[in-house]
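Coordinates from start-v1.tsv are shown below (TSV, C-alpha atoms).
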chain	number	residue	atom	x	y	z
A	6	MET	CA	56.57	77.31	168.84
A	7	ALA	CA	58.21	78.09	165.50
A	8	PHE	CA	56.81	80.98	163.51
A	9	THR	CA	56.35	80.81	159.74
A	10	LEU	CA	56.02	83.36	156.97
A	11	PRO	CA	52.33	84.22	156.45
A	12	PRO	CA	51.21	84.08	152.81
A	13	LEU	CA	50.22	87.34	151.20
A	14	PRO	CA	46.48	87.75	150.60
A	15	TYR	CA	47.23	88.82	147.00
A	16	ALA	CA	49.81	88.15	144.27
A	17	TYR	CA	53.21	89.83	144.34
A	18	ASP	CA	52.30	91.98	141.33
A	19	ALA	CA	48.81	92.85	142.60
A	20	LEU	CA	49.80	96.24	144.03
A	21	GLU	CA	51.39	97.54	140.83
A	22	PRO	CA	52.01	100.20	139.68
A	23	HIS	CA	52.07	101.65	143.20
A	24	ILE	CA	54.32	98.97	144.71
A	25	SER	CA	56.24	96.81	142.25
A	26	ALA	CA	56.26	93.02	142.15
A	27	GLN	CA	60.03	93.08	142.63
A	28	ILE	CA	59.74	95.03	145.86
A	29	MET	CA	56.90	92.90	147.17
A	30	THR	CA	58.73	89.65	146.40
A	31	LEU	CA	61.96	90.73	148.07
A	32	HIS	CA	60.23	92.45	150.96
A	33	HIS	CA	58.09	89.42	151.78
A	34	THR	CA	60.33	86.43	150.98
A	35	LYS	CA	63.66	87.94	152.04
A	36	HIS	CA	63.21	90.74	154.58
A	37	HIS	CA	60.17	89.41	156.43
A	38	GLN	CA	61.49	85.86	156.28
A	39	THR	CA	64.77	87.00	157.83
A	40	TYR	CA	62.96	88.50	160.82
A	41	ILE	CA	61.17	85.19	161.31
A	42	ASN	CA	64.40	83.19	161.02
A	43	ILE	CA	66.09	85.36	163.65
A	44	LEU	CA	62.99	85.21	165.85
A	45	ASN	CA	62.89	81.41	165.81
A	46	ALA	CA	66.63	81.13	166.46
A	47	THR	CA	66.38	83.62	169.32
A	48	LEU	CA	63.49	81.76	170.94
A	49	ALA	CA	65.44	78.50	170.74
A	50	SER	CA	68.49	80.16	172.31
A	51	GLN	CA	66.32	81.57	175.08
A	52	VAL	CA	65.11	78.09	175.97
A	53	THR	CA	68.71	76.90	176.24
A	54	ALA	CA	69.77	79.91	178.30
A	55	SER	CA	66.77	79.51	180.60
A	56	SER	CA	67.55	75.83	181.19
A	57	LYS	CA	71.03	76.88	182.32
A	58	SER	CA	69.76	79.81	184.39
A	59	ASP	CA	71.99	82.02	182.23
A	60	ILE	CA	70.39	85.36	182.99
A	61	VAL	CA	73.04	87.45	181.23
A	62	THR	CA	72.50	85.63	177.95
A	63	GLN	CA	68.74	85.90	178.35
A	64	LEU	CA	69.03	89.66	178.75
A	65	HIS	CA	71.18	89.96	175.64
A	66	LEU	CA	68.75	87.80	173.68
A	67	GLN	CA	65.86	90.07	174.63
A	68	THR	CA	67.21	92.76	172.30
A	69	ASN	CA	67.18	90.30	169.39
A	70	LEU	CA	63.71	89.15	170.39
A	71	ASN	CA	62.30	92.69	170.47
A	72	PHE	CA	63.73	93.49	167.03
A	73	SER	CA	62.85	90.25	165.24
A	74	ALA	CA	59.43	89.82	166.84
A	75	GLY	CA	58.66	93.45	166.10
A	76	GLY	CA	59.69	92.93	162.49
A	77	HIS	CA	57.40	89.92	162.20
A	78	ILE	CA	54.44	91.66	163.82
A	79	ASN	CA	54.83	94.96	161.97
A	80	HIS	CA	55.16	93.31	158.57
A	81	THR	CA	52.22	91.00	159.18
A	82	LEU	CA	50.04	94.01	159.95
A	83	PHE	CA	51.45	95.83	156.92
A	84	TRP	CA	50.57	93.09	154.42
A	85	GLU	CA	47.06	92.92	155.83
A	86	ASN	CA	46.40	96.63	155.44
A	87	LEU	CA	47.28	96.62	151.73
A	88	ILE	CA	45.03	95.56	148.85
A	89	PRO	CA	44.97	95.98	145.04
A	90	SER	CA	43.75	99.41	143.96
A	91	SER	CA	41.03	97.76	141.87
A	92	SER	CA	39.33	96.44	145.01
A	93	PRO	CA	36.35	98.35	146.44
A	94	SER	CA	38.11	98.05	149.82
A	95	SER	CA	40.80	100.45	148.59
A	96	GLN	CA	38.26	103.28	148.71
A	97	PRO	CA	37.73	105.26	151.94
A	98	SER	CA	33.98	104.85	151.35
A	99	SER	CA	34.37	101.19	152.35
A	100	ALA	CA	35.16	102.38	155.91
A	101	PRO	CA	32.34	104.80	156.77
A	102	LYS	CA	32.73	104.68	160.56
A	103	LEU	CA	36.49	105.15	160.41
A	104	THR	CA	36.34	107.98	157.87
A	105	ALA	CA	33.73	109.75	159.99
A	106	ALA	CA	36.07	109.50	162.98
A	107	LEU	CA	39.01	110.73	160.89
A	108	THR	CA	36.96	113.68	159.69
A	109	THR	CA	36.02	114.57	163.25
A	110	ARG	CA	39.64	114.30	164.40
A	111	PHE	CA	41.54	115.79	161.45
A	112	GLY	CA	38.97	117.76	159.47
A	113	SER	CA	38.71	115.38	156.50
A	114	VAL	CA	40.21	112.15	155.19
A	115	GLU	CA	42.36	114.19	152.82
A	116	LYS	CA	43.73	116.33	155.66
A	117	PHE	CA	44.45	113.16	157.64
A	118	GLN	CA	46.41	111.73	154.70
A	119	GLU	CA	48.38	114.96	154.33
A	120	LYS	CA	49.26	115.00	158.01
A	121	PHE	CA	50.16	111.31	157.95
A	122	ASN	CA	52.46	111.84	154.96
A	123	ASP	CA	54.13	114.79	156.68
A	124	VAL	CA	54.87	112.50	159.62
A	125	LEU	CA	56.19	109.76	157.31
A	126	LEU	CA	58.54	112.14	155.51
A	127	GLY	CA	59.73	113.54	158.83
A	128	LEU	CA	61.07	110.16	159.92
A	129	LYS	CA	64.84	110.11	160.34
A	130	GLY	CA	66.38	106.79	159.37
A	131	SER	CA	64.31	103.60	159.36
A	132	GLY	CA	60.92	103.24	160.96
A	133	TRP	CA	57.16	103.17	160.63
A	134	GLY	CA	54.26	105.58	160.58
A	135	TRP	CA	51.08	104.52	162.35
A	136	LEU	CA	47.47	105.51	162.75
A	137	VAL	CA	46.60	104.30	166.24
A	138	GLN	CA	43.65	104.42	168.58
A	139	ASP	CA	44.17	105.11	172.27
A	140	VAL	CA	42.65	102.17	174.13
A	141	GLU	CA	41.52	104.36	177.03
A	142	THR	CA	40.06	107.39	175.27
A	143	GLY	CA	39.31	105.92	171.84
A	144	GLY	CA	41.04	108.91	170.28
A	145	LEU	CA	42.90	108.63	166.98
A	146	GLU	CA	46.57	109.62	166.74
A	147	ILE	CA	49.41	109.54	164.22
A	148	ILE	CA	52.68	108.28	165.69
A	149	THR	CA	55.98	106.81	164.53
A	150	SER	CA	58.15	103.93	165.71
A	151	LYS	CA	61.86	103.49	165.13
A	152	ASP	CA	63.40	100.48	163.38
A	153	GLN	CA	61.12	97.52	164.22
A	154	ASP	CA	59.69	98.79	167.49
A	155	ILE	CA	56.04	97.90	167.84
A	156	VAL	CA	53.29	100.37	168.66
A	157	PRO	CA	53.57	101.20	172.39
A	158	ALA	CA	51.28	99.78	175.04
A	159	GLY	CA	47.93	101.50	175.28
A	160	LYS	CA	47.76	102.20	171.54
A	161	LYS	CA	45.88	99.96	169.09
A	162	PRO	CA	47.50	99.94	165.63
A	163	LEU	CA	45.01	100.54	162.83
A	164	LEU	CA	47.26	101.34	159.88
A	165	GLY	CA	51.04	101.02	159.58
A	166	ILE	CA	53.25	102.20	156.70
A	167	ASP	CA	56.76	100.79	156.36
A	168	MET	CA	59.33	103.54	155.75
A	169	TRP	CA	62.42	101.39	155.65
A	170	GLU	CA	64.28	101.89	152.37
A	171	HIS	CA	63.66	98.30	151.32
A	172	ALA	CA	59.93	99.11	151.16
A	173	TYR	CA	60.32	101.59	148.30
A	174	TYR	CA	63.89	102.22	147.10
A	175	LEU	CA	64.03	99.82	144.12
A	176	GLN	CA	61.06	101.62	142.61
A	177	TYR	CA	61.09	105.16	143.98
A	178	LEU	CA	64.81	105.59	144.71
A	179	ASN	CA	65.14	108.55	147.10
A	180	ASP	CA	61.69	109.93	146.25
A	181	LYS	CA	59.99	108.97	149.49
A	182	GLY	CA	57.24	111.49	148.84
A	183	SER	CA	55.96	109.62	145.77
A	184	TYR	CA	55.97	106.35	147.71
A	185	ALA	CA	54.06	107.97	150.57
A	186	LYS	CA	51.44	109.27	148.12
A	187	GLY	CA	51.23	106.07	146.07
A	188	VAL	CA	50.73	103.75	149.00
A	189	TRP	CA	47.32	105.34	149.70
A	190	LYS	CA	46.09	103.85	146.43
A	191	VAL	CA	46.53	100.36	147.90
A	192	VAL	CA	45.40	100.84	151.51
A	193	ASN	CA	42.78	98.31	152.60
A	194	TRP	CA	40.35	100.73	154.22
A	195	LYS	CA	37.91	97.96	155.05
A	196	LYS	CA	40.60	96.12	157.03
A	197	VAL	CA	41.60	99.29	158.85
A	198	GLU	CA	37.97	99.83	159.84
A	199	GLU	CA	37.79	96.23	161.14
A	200	ARG	CA	40.70	97.06	163.44
A	201	PHE	CA	39.04	100.31	164.44
A	202	GLU	CA	35.90	98.47	165.51
A	203	GLY	CA	37.56	95.34	166.87
A	204	SER	CA	39.40	94.51	170.08
A	205	PHE	CA	43.06	95.15	170.76
A	206	ASP	CA	44.00	91.46	170.64
A	207	ALA	CA	41.95	90.90	167.48
A	208	VAL	CA	44.30	93.25	165.61
A	209	PHE	CA	47.21	90.89	166.22
A	210	GLY	CA	45.35	87.62	165.76
A	211	GLN	CA	47.63	84.64	166.34
A	212	LEU	CA	50.49	87.01	167.13
A	213	ALA	CA	48.76	88.49	170.19
A	214	GLY	CA	50.81	86.28	172.51
A	215	LEU	CA	54.06	87.25	170.81
A	216	ARG	CA	53.13	90.91	170.99
A	217	SER	CA	52.57	90.66	174.76
A	218	SER	CA	56.01	89.08	175.25
A	219	ILE	CA	58.04	92.06	173.98
Show me, as structure tokens, the structure contained in the file I just sent.
Amino acid sequence: MAFTLPPLPYAYDALEPHISAQIMTLHHTKHHQTYINILNATLASQVTASSKSDIVTQLHLQTNLNFSAGGHINHTLFWENLIPSSSPSSQPSSAPKLTAALTTRFGSVEKFQEKFNDVLLGLKGSGWGWLVQDVETGGLEIITSKDQDIVPAGKKPLLGIDMWEHAYYLQYLNDKGSYAKGVWKVVNWKKVEERFEGSFDAVFGQLAGLRSSI
């Protein structure tokens, strides 16, 4: 099965002024597309290696698979949890059950955002910040993942923020703090609540099988 670049659910300039059209265009059509290209090539190489019982090559390819599949999954989730700031879904009030849970866990939505941003700005190098739900306890947590690692097993991703430089540098330069604050203006709270209320596999949709393979 060959994977393809999912279309954005909004125009490239729809998130301005918080995320520029230039960044969105490059991020989606170049960076995300590259992860998909590498993923498809890696999967094809795995088929060849498997047919030859070449275990060494298969092991080496697994590293490429983890990185490229993670890049595809993480970015797909990222696009889905963004929305133009003019949309009612960009308001926390569109997610009453989630915001109630965040208030219980962190004290208020504002305190949650502050803590999340502290975690984002504490990242060293490239990676992601995540709001996740523990699948056993249902508890909410803020975690990070390095490079294109996916959220670990047992944690359901609700909201992911890309902190690779390509996600903000052309607009914010080295001012990661302004990016971290601005991105909240375009968070799709309604979508995040759907993930909060839905099943683990439903979060990943058609990529659930790919997620389980890495």
Counting only C-alpha atoms, the residue of A:Ile28, A:Ile78, A:Asn122, A:Gln138 that sits nearest A:Leu178: A:Ile28
Long-range neighbours of A:Gly134 as a ChimeraX atom specification, 12 Å cut-off, all atoms listed in the file, 3 positions minimum in chain: /A:79,83,118,120-129,131,137,146-156,162-169,185
Protein and nucleic acid residues near (37.9, 101.7, 151.6) (cut-off 12 Å, all atoms listed in the file) as a PyMOL selection string: chain A and resi 86-104+114+189-199
Could you take the residues named above and write them with C-alpha atoms, as a PDB file, in the coordinates of the input?
ATOM      1  CA  ASN A  86      46.400  96.630 155.440  1.00  0.00           C
ATOM      2  CA  LEU A  87      47.280  96.620 151.730  1.00  0.00           C
ATOM      3  CA  ILE A  88      45.030  95.560 148.850  1.00  0.00           C
ATOM      4  CA  PRO A  89      44.970  95.980 145.040  1.00  0.00           C
ATOM      5  CA  SER A  90      43.750  99.410 143.960  1.00  0.00           C
ATOM      6  CA  SER A  91      41.030  97.760 141.870  1.00  0.00           C
ATOM      7  CA  SER A  92      39.330  96.440 145.010  1.00  0.00           C
ATOM      8  CA  PRO A  93      36.350  98.350 146.440  1.00  0.00           C
ATOM      9  CA  SER A  94      38.110  98.050 149.820  1.00  0.00           C
ATOM     10  CA  SER A  95      40.800 100.450 148.590  1.00  0.00           C
ATOM     11  CA  GLN A  96      38.260 103.280 148.710  1.00  0.00           C
ATOM     12  CA  PRO A  97      37.730 105.260 151.940  1.00  0.00           C
ATOM     13  CA  SER A  98      33.980 104.850 151.350  1.00  0.00           C
ATOM     14  CA  SER A  99      34.370 101.190 152.350  1.00  0.00           C
ATOM     15  CA  ALA A 100      35.160 102.380 155.910  1.00  0.00           C
ATOM     16  CA  PRO A 101      32.340 104.800 156.770  1.00  0.00           C
ATOM     17  CA  LYS A 102      32.730 104.680 160.560  1.00  0.00           C
ATOM     18  CA  LEU A 103      36.490 105.150 160.410  1.00  0.00           C
ATOM     19  CA  THR A 104      36.340 107.980 157.870  1.00  0.00           C
ATOM     20  CA  VAL A 114      40.210 112.150 155.190  1.00  0.00           C
ATOM     21  CA  TRP A 189      47.320 105.340 149.700  1.00  0.00           C
ATOM     22  CA  LYS A 190      46.090 103.850 146.430  1.00  0.00           C
ATOM     23  CA  VAL A 191      46.530 100.360 147.900  1.00  0.00           C
ATOM     24  CA  VAL A 192      45.400 100.840 151.510  1.00  0.00           C
ATOM     25  CA  ASN A 193      42.780  98.310 152.600  1.00  0.00           C
ATOM     26  CA  TRP A 194      40.350 100.730 154.220  1.00  0.00           C
ATOM     27  CA  LYS A 195      37.910  97.960 155.050  1.00  0.00           C
ATOM     28  CA  LYS A 196      40.600  96.120 157.030  1.00  0.00           C
ATOM     29  CA  VAL A 197      41.600  99.290 158.850  1.00  0.00           C
ATOM     30  CA  GLU A 198      37.970  99.830 159.840  1.00  0.00           C
ATOM     31  CA  GLU A 199      37.790  96.230 161.140  1.00  0.00           C
TER      32      GLU A 199
END
From A:Leu48, A:Leu10, A:Ile24, A:Leu82, residue lying nearest A:Gln63 [all atoms listed in the file]: A:Leu48
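Each of A:Ala172, A:Tyr40, A:Gln27, A:Ala207 was checked against A:Tyr184 using all atoms listed in the file; the smallest atom-to-atom distance is that of A:Ala172.
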Non-local contacts of A:Asp18 (8 Å; all atoms listed in the file; under 6 positions in same chain excluded) as number ranges by chain: A: 25-27, 29
Write the residues of the preceding selection, restricted to C-alpha atoms, as a CSV table (one decimal), in the frame of the given file.
chain,number,residue,atom,x,y,z
A,25,SER,CA,56.2,96.8,142.2
A,26,ALA,CA,56.3,93.0,142.2
A,27,GLN,CA,60.0,93.1,142.6
A,29,MET,CA,56.9,92.9,147.2
Best match for closeness to A:Arg216 among A:Asn71, A:Arg200, A:Val188, A:Leu145, counting all atoms listed in the file: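 Of all the options, A:Asn71 lies closest to A:Arg216.
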Computed interatomic separation between atom CA of A:Arg110 and atom CA of A:Leu136 (Å):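 Atom-to-atom, atom CA of A:Arg110 and atom CA of A:Leu136 are spaced 11.9 Å apart.
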Among listed residues A:Ala54, A:Ala213, A:Ile219, A:Val140, nearest A:Phe201 (using all atoms listed in the file): A:Val140
Separation of atom CA of A:His36 from atom CA of A:Leu215, in Å and rounded to one decimal: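 Those two atoms sit 19.0 Å apart.
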Could you work out an axis-aligned bounding box for all listed atoms of stretch 59-78 of chain A, with 5 Å added on each of the six sides, and give its centre and edge lengths in Å to one decimal, as AutoDock Vina command-line options?
--center_x 63.7 --center_y 87.8 --center_z 172.6 --size_x 28.6 --size_y 21.5 --size_z 30.8
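Considering only C-alpha atoms, the residue among A:Leu31, A:Ala105, A:Leu64, A:Ile43 positioned nearest to A:Ala7 is A:Ile43.
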Atomic separation - atom CA of A:Leu70 relative to atom CA of A:Thr47, Å: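 Result for atom CA of A:Thr47 versus atom CA of A:Leu70: 6.2 Å, one decimal.
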